[in-house]
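Text of the file input_3.cif, holding mmCIF, C-alpha atoms and all ligand atoms:
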data_coords
loop_
_atom_site.label_atom_id
_atom_site.label_comp_id
_atom_site.auth_asym_id
_atom_site.auth_seq_id
_atom_site.Cartn_x
_atom_site.Cartn_y
_atom_site.Cartn_z
CA MET A 1 260.36 101.42 284.37
CA THR A 2 258.68 98.49 286.11
CA LYS A 3 260.27 95.07 285.71
CA PRO A 4 258.55 92.62 283.37
CA THR A 5 256.66 89.65 284.88
CA PRO A 6 259.28 87.17 286.09
CA PHE A 7 259.54 83.90 284.23
CA ILE A 8 260.80 80.71 285.87
CA ALA A 9 261.32 77.74 283.54
CA GLY A 10 262.46 74.22 284.36
CA ASN A 11 264.66 72.50 281.79
CA TRP A 12 264.33 68.80 282.48
CA LYS A 13 266.97 67.94 279.84
CA MET A 14 267.18 64.19 279.08
CA ASN A 15 265.51 63.14 282.33
CA GLU A 16 262.20 61.61 283.44
CA THR A 17 260.20 58.84 281.78
CA ILE A 18 256.61 59.71 280.90
CA ALA A 19 255.38 58.29 284.20
CA GLU A 20 258.02 60.21 286.15
CA ALA A 21 257.25 63.40 284.22
CA ILE A 22 253.55 63.16 285.09
CA ALA A 23 254.33 62.51 288.75
CA LEU A 24 256.73 65.47 288.83
CA VAL A 25 254.31 67.92 287.25
CA GLU A 26 251.43 66.77 289.47
CA ALA A 27 253.61 67.31 292.54
CA LEU A 28 254.61 70.74 291.22
CA LYS A 29 250.98 71.70 290.62
CA ALA A 30 250.17 70.89 294.24
CA GLU A 31 253.17 72.88 295.50
CA ILE A 32 252.40 76.07 293.60
CA GLN A 33 248.65 76.24 293.88
CA GLY A 34 247.54 79.86 294.18
CA VAL A 35 250.93 81.31 293.23
CA SER A 36 250.53 84.34 290.94
CA GLY A 37 252.56 87.18 289.48
CA VAL A 38 255.09 84.86 287.88
CA ASP A 39 255.11 82.93 284.61
CA ILE A 40 256.04 79.26 284.97
CA ALA A 41 257.04 76.66 282.37
CA VAL A 42 258.49 73.16 282.30
CA ALA A 43 260.41 71.58 279.42
CA PRO A 44 260.07 67.79 279.40
CA THR A 45 261.55 65.47 276.78
CA PHE A 46 259.70 65.17 273.46
CA THR A 47 258.15 61.81 274.40
CA ALA A 48 256.60 63.26 277.56
CA LEU A 49 255.46 66.59 276.10
CA ASP A 50 251.99 65.55 275.01
CA ARG A 51 251.09 63.82 278.28
CA VAL A 52 252.48 66.67 280.35
CA ALA A 53 250.43 69.06 278.17
CA GLY A 54 247.34 67.21 279.34
CA ALA A 55 248.45 67.33 282.96
CA VAL A 56 249.08 71.10 283.02
CA LYS A 57 245.85 72.04 281.24
CA GLY A 58 243.94 74.55 283.38
CA SER A 59 246.94 75.20 285.65
CA ASN A 60 249.38 78.13 285.65
CA ILE A 61 252.17 75.94 284.24
CA GLN A 62 253.08 76.38 280.59
CA LEU A 63 254.83 73.89 278.38
CA ALA A 64 258.23 74.31 276.70
CA ALA A 65 260.13 72.11 274.25
CA GLN A 66 263.91 71.73 274.41
CA ASN A 67 264.47 72.42 270.72
CA VAL A 68 262.63 73.35 267.51
CA HIS A 69 263.59 73.29 263.82
CA TRP A 70 263.08 76.12 261.35
CA GLU A 71 261.45 74.15 258.52
CA LYS A 72 257.78 73.18 258.37
CA SER A 73 258.42 69.51 257.57
CA GLY A 74 260.72 67.30 255.53
CA ALA A 75 263.91 65.28 255.63
CA PHE A 76 265.35 66.51 258.96
CA THR A 77 265.81 63.32 260.97
CA GLY A 78 265.61 63.87 264.70
CA GLU A 79 264.16 67.38 264.49
CA ILE A 80 260.73 68.78 265.38
CA ALA A 81 258.73 71.42 263.49
CA PRO A 82 257.14 74.49 265.14
CA ALA A 83 253.60 73.46 264.15
CA MET A 84 254.11 70.06 265.78
CA LEU A 85 254.78 71.82 269.06
CA SER A 86 251.85 74.21 268.65
CA GLU A 87 249.59 71.25 267.94
CA ILE A 88 250.05 69.92 271.47
CA GLY A 89 249.87 73.31 273.16
CA CYS A 90 253.55 73.97 273.60
CA ALA A 91 254.00 77.70 274.27
CA TRP A 92 257.80 77.90 274.41
CA ALA A 93 260.95 76.39 272.96
CA ILE A 94 264.42 76.48 274.50
CA ILE A 95 266.86 77.30 271.71
CA GLY A 96 270.65 77.14 271.54
CA HIS A 97 271.22 75.68 274.99
CA SER A 98 274.96 75.36 275.65
CA GLU A 99 274.62 71.57 275.65
CA ARG A 100 273.22 71.77 272.10
CA ARG A 101 276.03 74.12 271.10
CA GLN A 102 278.71 72.00 272.78
CA PHE A 103 277.60 68.46 271.92
CA PHE A 104 275.45 68.88 268.80
CA GLY A 105 277.25 71.58 266.87
CA GLU A 106 274.62 74.30 267.08
CA THR A 107 275.77 77.64 265.75
CA ASP A 108 274.58 81.21 266.21
CA GLU A 109 273.20 81.06 262.68
CA GLY A 110 271.15 77.95 263.45
CA VAL A 111 269.96 79.46 266.70
CA ASN A 112 268.78 82.50 264.76
CA LYS A 113 266.85 80.36 262.26
CA ARG A 114 265.25 78.27 265.00
CA ALA A 115 264.28 81.30 267.08
CA ARG A 116 262.78 83.20 264.18
CA ALA A 117 260.80 80.17 263.02
CA ALA A 118 259.46 79.60 266.53
CA ILE A 119 258.33 83.22 266.87
CA ALA A 120 256.83 83.28 263.36
CA ASN A 121 254.71 80.33 264.47
CA GLY A 122 253.62 81.95 267.72
CA ILE A 123 255.98 79.95 269.94
CA GLY A 124 258.03 81.87 272.48
CA ALA A 125 261.78 81.50 271.95
CA ILE A 126 264.02 81.10 275.01
CA VAL A 127 267.39 81.85 273.42
CA CYS A 128 270.31 80.63 275.55
CA VAL A 129 273.68 82.36 275.63
CA GLY A 130 276.73 82.05 277.86
CA GLU A 131 280.51 81.93 277.99
CA THR A 132 282.77 78.98 278.85
CA LEU A 133 285.24 79.11 281.73
CA ASP A 134 288.14 79.67 279.31
CA GLU A 135 286.31 82.59 277.71
CA ARG A 136 285.56 84.15 281.11
CA GLU A 137 289.14 83.74 282.27
CA ALA A 138 290.36 85.34 279.04
CA GLY A 139 288.17 88.38 279.78
CA LYS A 140 285.96 87.66 276.78
CA THR A 141 282.60 87.18 278.50
CA LEU A 142 280.85 90.30 277.22
CA GLU A 143 282.29 89.86 273.74
CA VAL A 144 281.15 86.21 273.47
CA VAL A 145 277.71 86.79 274.95
CA GLY A 146 277.32 89.94 272.88
CA ARG A 147 278.05 88.02 269.70
CA GLN A 148 275.63 85.23 270.62
CA VAL A 149 272.88 87.78 271.28
CA THR A 150 273.52 89.89 268.19
CA GLU A 151 273.82 86.92 265.82
CA GLY A 152 271.05 84.93 267.50
CA LEU A 153 268.54 87.77 267.21
CA LYS A 154 269.51 89.00 263.75
CA GLY A 155 266.54 90.17 261.71
CA MET A 156 264.09 90.18 264.64
CA SER A 157 261.77 93.16 265.07
CA ALA A 158 260.37 94.82 268.19
CA GLU A 159 257.13 93.00 267.44
CA ASP A 160 259.02 89.66 267.44
CA SER A 161 260.66 90.54 270.75
CA ARG A 162 257.34 90.13 272.55
CA LEU A 163 257.81 86.37 272.16
CA LEU A 164 261.49 86.46 273.03
CA VAL A 165 263.25 85.50 276.25
CA ILE A 166 267.03 85.41 276.72
CA ALA A 167 268.57 82.92 279.13
CA TYR A 168 272.08 83.83 280.28
CA GLU A 169 273.72 80.60 281.36
CA PRO A 170 277.46 80.73 282.02
CA VAL A 171 278.62 77.30 280.86
CA TRP A 172 280.90 76.91 283.90
CA ALA A 173 277.90 77.30 286.23
CA ILE A 174 275.69 74.65 284.62
CA GLY A 175 275.32 71.51 286.72
CA THR A 176 278.53 72.32 288.61
CA GLY A 177 277.08 73.83 291.76
CA LYS A 178 279.11 76.97 290.94
CA VAL A 179 276.69 79.85 290.64
CA ALA A 180 277.73 83.19 289.20
CA THR A 181 277.85 85.89 291.85
CA THR A 182 274.94 88.31 291.64
CA ALA A 183 277.40 90.99 290.47
CA GLN A 184 278.80 88.73 287.71
CA ALA A 185 275.29 87.84 286.54
CA GLN A 186 273.95 91.38 286.70
CA GLU A 187 276.93 92.71 284.72
CA VAL A 188 276.19 90.37 281.82
CA HIS A 189 272.43 90.89 282.06
CA ALA A 190 272.92 94.66 281.89
CA HIS A 191 275.06 94.23 278.77
CA ILE A 192 272.38 92.04 277.16
CA ARG A 193 269.76 94.66 278.11
CA GLN A 194 271.73 97.36 276.28
CA LEU A 195 271.89 95.20 273.16
CA LEU A 196 268.15 94.49 273.35
CA LYS A 197 267.36 98.20 273.67
CA ALA A 198 269.67 99.03 270.78
CA GLN A 199 267.90 96.51 268.54
CA PHE A 200 264.28 96.85 269.66
CA GLY A 201 264.10 100.35 271.16
CA ASP A 202 264.08 101.29 274.85
CA GLU A 203 260.56 100.18 275.68
CA ALA A 204 260.53 96.84 273.87
CA GLY A 205 264.11 96.13 274.93
CA ALA A 206 263.23 96.71 278.58
CA ALA A 207 260.26 94.34 278.31
CA VAL A 208 262.25 91.28 277.16
CA ARG A 209 262.77 88.86 280.06
CA ILE A 210 266.40 87.87 280.70
CA GLN A 211 266.62 84.68 282.75
CA TYR A 212 269.70 83.54 284.64
CA GLY A 213 270.60 79.85 284.55
CA GLY A 214 273.35 77.80 286.14
CA SER A 215 273.02 76.06 289.52
CA VAL A 216 269.96 78.07 290.56
CA LYS A 217 268.67 76.69 293.86
CA PRO A 218 266.14 77.73 296.51
CA SER A 219 269.03 79.16 298.55
CA ASN A 220 270.36 81.54 295.87
CA ALA A 221 267.24 82.34 293.81
CA ALA A 222 265.92 85.33 295.77
CA GLU A 223 269.22 87.23 295.64
CA LEU A 224 269.68 86.62 291.91
CA LEU A 225 266.09 87.54 291.11
CA ALA A 226 266.39 90.81 293.02
CA GLN A 227 268.95 92.14 290.52
CA PRO A 228 267.59 94.90 288.24
CA ASP A 229 268.11 93.02 284.95
CA ILE A 230 267.41 89.45 286.12
CA ASN A 231 263.82 88.62 285.24
CA GLY A 232 263.64 84.94 285.97
CA ALA A 233 265.55 81.70 285.93
CA LEU A 234 266.14 78.72 283.69
CA VAL A 235 266.57 75.87 286.13
CA GLY A 236 268.09 72.46 285.42
CA GLY A 237 268.80 70.07 288.30
CA ALA A 238 266.61 71.79 290.88
CA SER A 239 263.60 71.69 288.52
CA LEU A 240 263.56 67.89 288.86
CA LYS A 241 262.48 68.21 292.50
CA ALA A 242 258.99 69.68 292.83
CA ALA A 243 259.66 71.20 296.25
CA ASP A 244 262.91 72.88 295.14
CA PHE A 245 261.44 74.21 291.91
CA ALA A 246 258.40 75.52 293.80
CA ALA A 247 260.69 77.21 296.34
CA ILE A 248 262.52 78.97 293.47
CA ILE A 249 259.18 80.11 292.02
CA LYS A 250 258.10 81.40 295.42
CA ALA A 251 261.42 83.25 295.81
CA VAL A 252 260.14 85.65 293.14
P1 LIG A 301 271.57 73.48 286.37
O1 LIG A 301 270.47 74.26 287.04
O2 LIG A 301 271.46 72.00 286.62
O3 LIG A 301 272.91 74.05 286.63
O4 LIG A 301 271.31 73.64 284.78
C1 LIG A 301 271.11 74.90 284.26
C2 LIG A 301 270.64 74.74 282.86
O5 LIG A 301 271.38 74.32 281.99
C3 LIG A 301 269.24 75.09 282.56
O6 LIG A 301 269.03 75.12 281.20
#
Could you show the structure in this file as structure tokens?
Ligand code: 13P
Amino acid sequence: MTKPTPFIAGNWKMNETIAEAIALVEALKAEIQGVSGVDIAVAPTFTALDRVAGAVKGSNIQLAAQNVHWEKSGAFTGEIAPAMLSEIGCAWAIIGHSERRQFFGETDEGVNKRARAAIANGIGAIVCVGETLDEREAGKTLEVVGRQVTEGLKGMSAEDSRLLVIAYEPVWAIGTGKVATTAQAQEVHAHIRQLLKAQFGDEAGAAVRIQYGGSVKPSNAAELLAQPDINGALVGGASLKAADFAAIIKAV
């Protein structure tokens, strides 16, 4: 079976003012002109989303949000509704990032509600999973990631899976410069692939992109992306430098 179109997304986290975000995306546009065969997205902060939406119009860069709530509207201070993201042309939402799980108490159940609401509103859900260092050292990686995938995707159909992306981000590799070896990453990706096929069927399960995230850089991207079940990357630090992010995209 042929691999799905690779998907490289930049998670800007809580970085870049509006002016900096515009400058970054303009520089990126110049760097990747004419690049094809790969899906590309950037995830700015909420305040910069609308202006970046304007800047990427007509380019091959799509827009992602860093979170989305499951309700349509109401008393949910600090949250953002799916339709509010659609309104400004946001195609994707990152859901359940380990920083949200670690610092803001997100649970698998909440991740599931957010992801299903995004998909029901036509927004692609990038569902993040990954083990901590303690969990890896205790030999629990596949169990932890398996639970996050199974609980996070509960109730989703094969039809829903067309708007689904999984990002495997080992927590110990995020922002630390420690990248998982290609064998470590591929092992977990293959496990996730089995779970996707079990839930959605072989064909739909094979079509879901599984991104790797955690210290992805121009120097390690090509080797990671060559693995059979690695279909892209979710990039933090290196996505804040247009030349580095473009080099990762070109490594596809
Ligand atoms: P780094 O690329 O900075 O390690 O961050 C990865 C990440 O958390 C992307 O969501």
Listing only residues of chain A within 6 Å of ligand LIG 301 (chain A), what is the closest atom pair and its distance in Å (to one decimal) for each, using all atoms listed in the file, sorted by chain and residue number ascending, as CSV?
residue,atom,partner,partner_atom,distance
A:Asn11,CA,A:LIG301,O6,5.1
A:Ala173,CA,A:LIG301,O3,6.0
A:Ile174,CA,A:LIG301,O3,3.5
A:Gly175,CA,A:LIG301,O3,3.5
A:Gly213,CA,A:LIG301,C1,5.0
A:Gly214,CA,A:LIG301,O3,3.8
A:Ser215,CA,A:LIG301,O3,3.5
A:Val216,CA,A:LIG301,O1,5.2
A:Leu234,CA,A:LIG301,C3,4.9
A:Val235,CA,A:LIG301,O1,4.3
A:Gly236,CA,A:LIG301,O1,3.4
A:Gly237,CA,A:LIG301,O2,3.7
A:Ala238,CA,A:LIG301,O1,6.0
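Between CA of Lys3 (chain A) and CA of Gly232 (chain A) lies a distance of 10.7 Å.
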Using only C-alpha atoms, which protein or nucleic acid residues come within 6 Å of region 153-167 of chain A? Drop anything in the same chain fewer than 4 positions from it, and give the result as an mmCIF file with C-alpha atoms, in the coordinates of the input.
data_model
loop_
_atom_site.group_PDB
_atom_site.id
_atom_site.type_symbol
_atom_site.label_atom_id
_atom_site.label_comp_id
_atom_site.auth_asym_id
_atom_site.auth_seq_id
_atom_site.Cartn_x
_atom_site.Cartn_y
_atom_site.Cartn_z
ATOM 1 C CA ASN A 112 268.780 82.500 264.760
ATOM 2 C CA GLY A 124 258.030 81.870 272.480
ATOM 3 C CA ALA A 125 261.780 81.500 271.950
ATOM 4 C CA ILE A 126 264.020 81.100 275.010
ATOM 5 C CA VAL A 127 267.390 81.850 273.420
ATOM 6 C CA CYS A 128 270.310 80.630 275.550
ATOM 7 C CA VAL A 149 272.880 87.780 271.280
ATOM 8 C CA PHE A 200 264.280 96.850 269.660
ATOM 9 C CA VAL A 208 262.250 91.280 277.160
ATOM 10 C CA ARG A 209 262.770 88.860 280.060
ATOM 11 C CA ILE A 210 266.400 87.870 280.700
ATOM 12 C CA GLN A 211 266.620 84.680 282.750
ATOM 13 C CA TYR A 212 269.700 83.540 284.640
#
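Distance-wise, CA of Arg116 (chain A) and CA of Gly205 (chain A) end up 16.9 Å apart.
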Please determine, counting all atoms listed in the file, which residue among A:Tyr168, A:Ala242, A:Glu137, A:Ala247 has the shortest atom-to-atom distance to Ala23 (chain A).
A:Ala242
Close residues, region 53-69 of chain A itself excluded, 9 Å, only C-alpha atoms, min 6 positions apart in chain, as a PDB file with C-alpha atoms, keeping the file's coordinate frame:
ATOM      1  CA  ALA A   9     261.320  77.740 283.540  1.00  0.00           C
ATOM      2  CA  GLY A  10     262.460  74.220 284.360  1.00  0.00           C
ATOM      3  CA  ASN A  11     264.660  72.500 281.790  1.00  0.00           C
ATOM      4  CA  TRP A  12     264.330  68.800 282.480  1.00  0.00           C
ATOM      5  CA  LYS A  13     266.970  67.940 279.840  1.00  0.00           C
ATOM      6  CA  ILE A  22     253.550  63.160 285.090  1.00  0.00           C
ATOM      7  CA  VAL A  25     254.310  67.920 287.250  1.00  0.00           C
ATOM      8  CA  GLU A  26     251.430  66.770 289.470  1.00  0.00           C
ATOM      9  CA  LYS A  29     250.980  71.700 290.620  1.00  0.00           C
ATOM     10  CA  ILE A  32     252.400  76.070 293.600  1.00  0.00           C
ATOM     11  CA  GLN A  33     248.650  76.240 293.880  1.00  0.00           C
ATOM     12  CA  GLY A  34     247.540  79.860 294.180  1.00  0.00           C
ATOM     13  CA  VAL A  35     250.930  81.310 293.230  1.00  0.00           C
ATOM     14  CA  SER A  36     250.530  84.340 290.940  1.00  0.00           C
ATOM     15  CA  ASP A  39     255.110  82.930 284.610  1.00  0.00           C
ATOM     16  CA  ILE A  40     256.040  79.260 284.970  1.00  0.00           C
ATOM     17  CA  ALA A  41     257.040  76.660 282.370  1.00  0.00           C
ATOM     18  CA  VAL A  42     258.490  73.160 282.300  1.00  0.00           C
ATOM     19  CA  ALA A  43     260.410  71.580 279.420  1.00  0.00           C
ATOM     20  CA  PRO A  44     260.070  67.790 279.400  1.00  0.00           C
ATOM     21  CA  THR A  45     261.550  65.470 276.780  1.00  0.00           C
ATOM     22  CA  PHE A  46     259.700  65.170 273.460  1.00  0.00           C
ATOM     23  CA  PHE A  76     265.350  66.510 258.960  1.00  0.00           C
ATOM     24  CA  GLU A  79     264.160  67.380 264.490  1.00  0.00           C
ATOM     25  CA  ILE A  80     260.730  68.780 265.380  1.00  0.00           C
ATOM     26  CA  ALA A  81     258.730  71.420 263.490  1.00  0.00           C
ATOM     27  CA  PRO A  82     257.140  74.490 265.140  1.00  0.00           C
ATOM     28  CA  LEU A  85     254.780  71.820 269.060  1.00  0.00           C
ATOM     29  CA  ILE A  88     250.050  69.920 271.470  1.00  0.00           C
ATOM     30  CA  GLY A  89     249.870  73.310 273.160  1.00  0.00           C
ATOM     31  CA  CYS A  90     253.550  73.970 273.600  1.00  0.00           C
ATOM     32  CA  ALA A  91     254.000  77.700 274.270  1.00  0.00           C
ATOM     33  CA  TRP A  92     257.800  77.900 274.410  1.00  0.00           C
ATOM     34  CA  ALA A  93     260.950  76.390 272.960  1.00  0.00           C
ATOM     35  CA  ILE A  94     264.420  76.480 274.500  1.00  0.00           C
ATOM     36  CA  ILE A  95     266.860  77.300 271.710  1.00  0.00           C
ATOM     37  CA  GLY A  96     270.650  77.140 271.540  1.00  0.00           C
ATOM     38  CA  HIS A  97     271.220  75.680 274.990  1.00  0.00           C
ATOM     39  CA  ARG A 100     273.220  71.770 272.100  1.00  0.00           C
ATOM     40  CA  GLY A 110     271.150  77.950 263.450  1.00  0.00           C
ATOM     41  CA  LYS A 113     266.850  80.360 262.260  1.00  0.00           C
ATOM     42  CA  ARG A 114     265.250  78.270 265.000  1.00  0.00           C
ATOM     43  CA  ALA A 115     264.280  81.300 267.080  1.00  0.00           C
ATOM     44  CA  ALA A 117     260.800  80.170 263.020  1.00  0.00           C
ATOM     45  CA  ALA A 118     259.460  79.600 266.530  1.00  0.00           C
ATOM     46  CA  GLY A 124     258.030  81.870 272.480  1.00  0.00           C
TER      47      GLY A 124
END
Neighbours of point (262.3, 78.6, 293.0) within 9 Å, using all atoms listed in the file, written as number ranges by chain
A: 8, 216-219, 221-222, 233, 235, 238-239, 243-252
CA of Pro4 (chain A) to CA of Ala207 (chain A) measures 5.6 Å
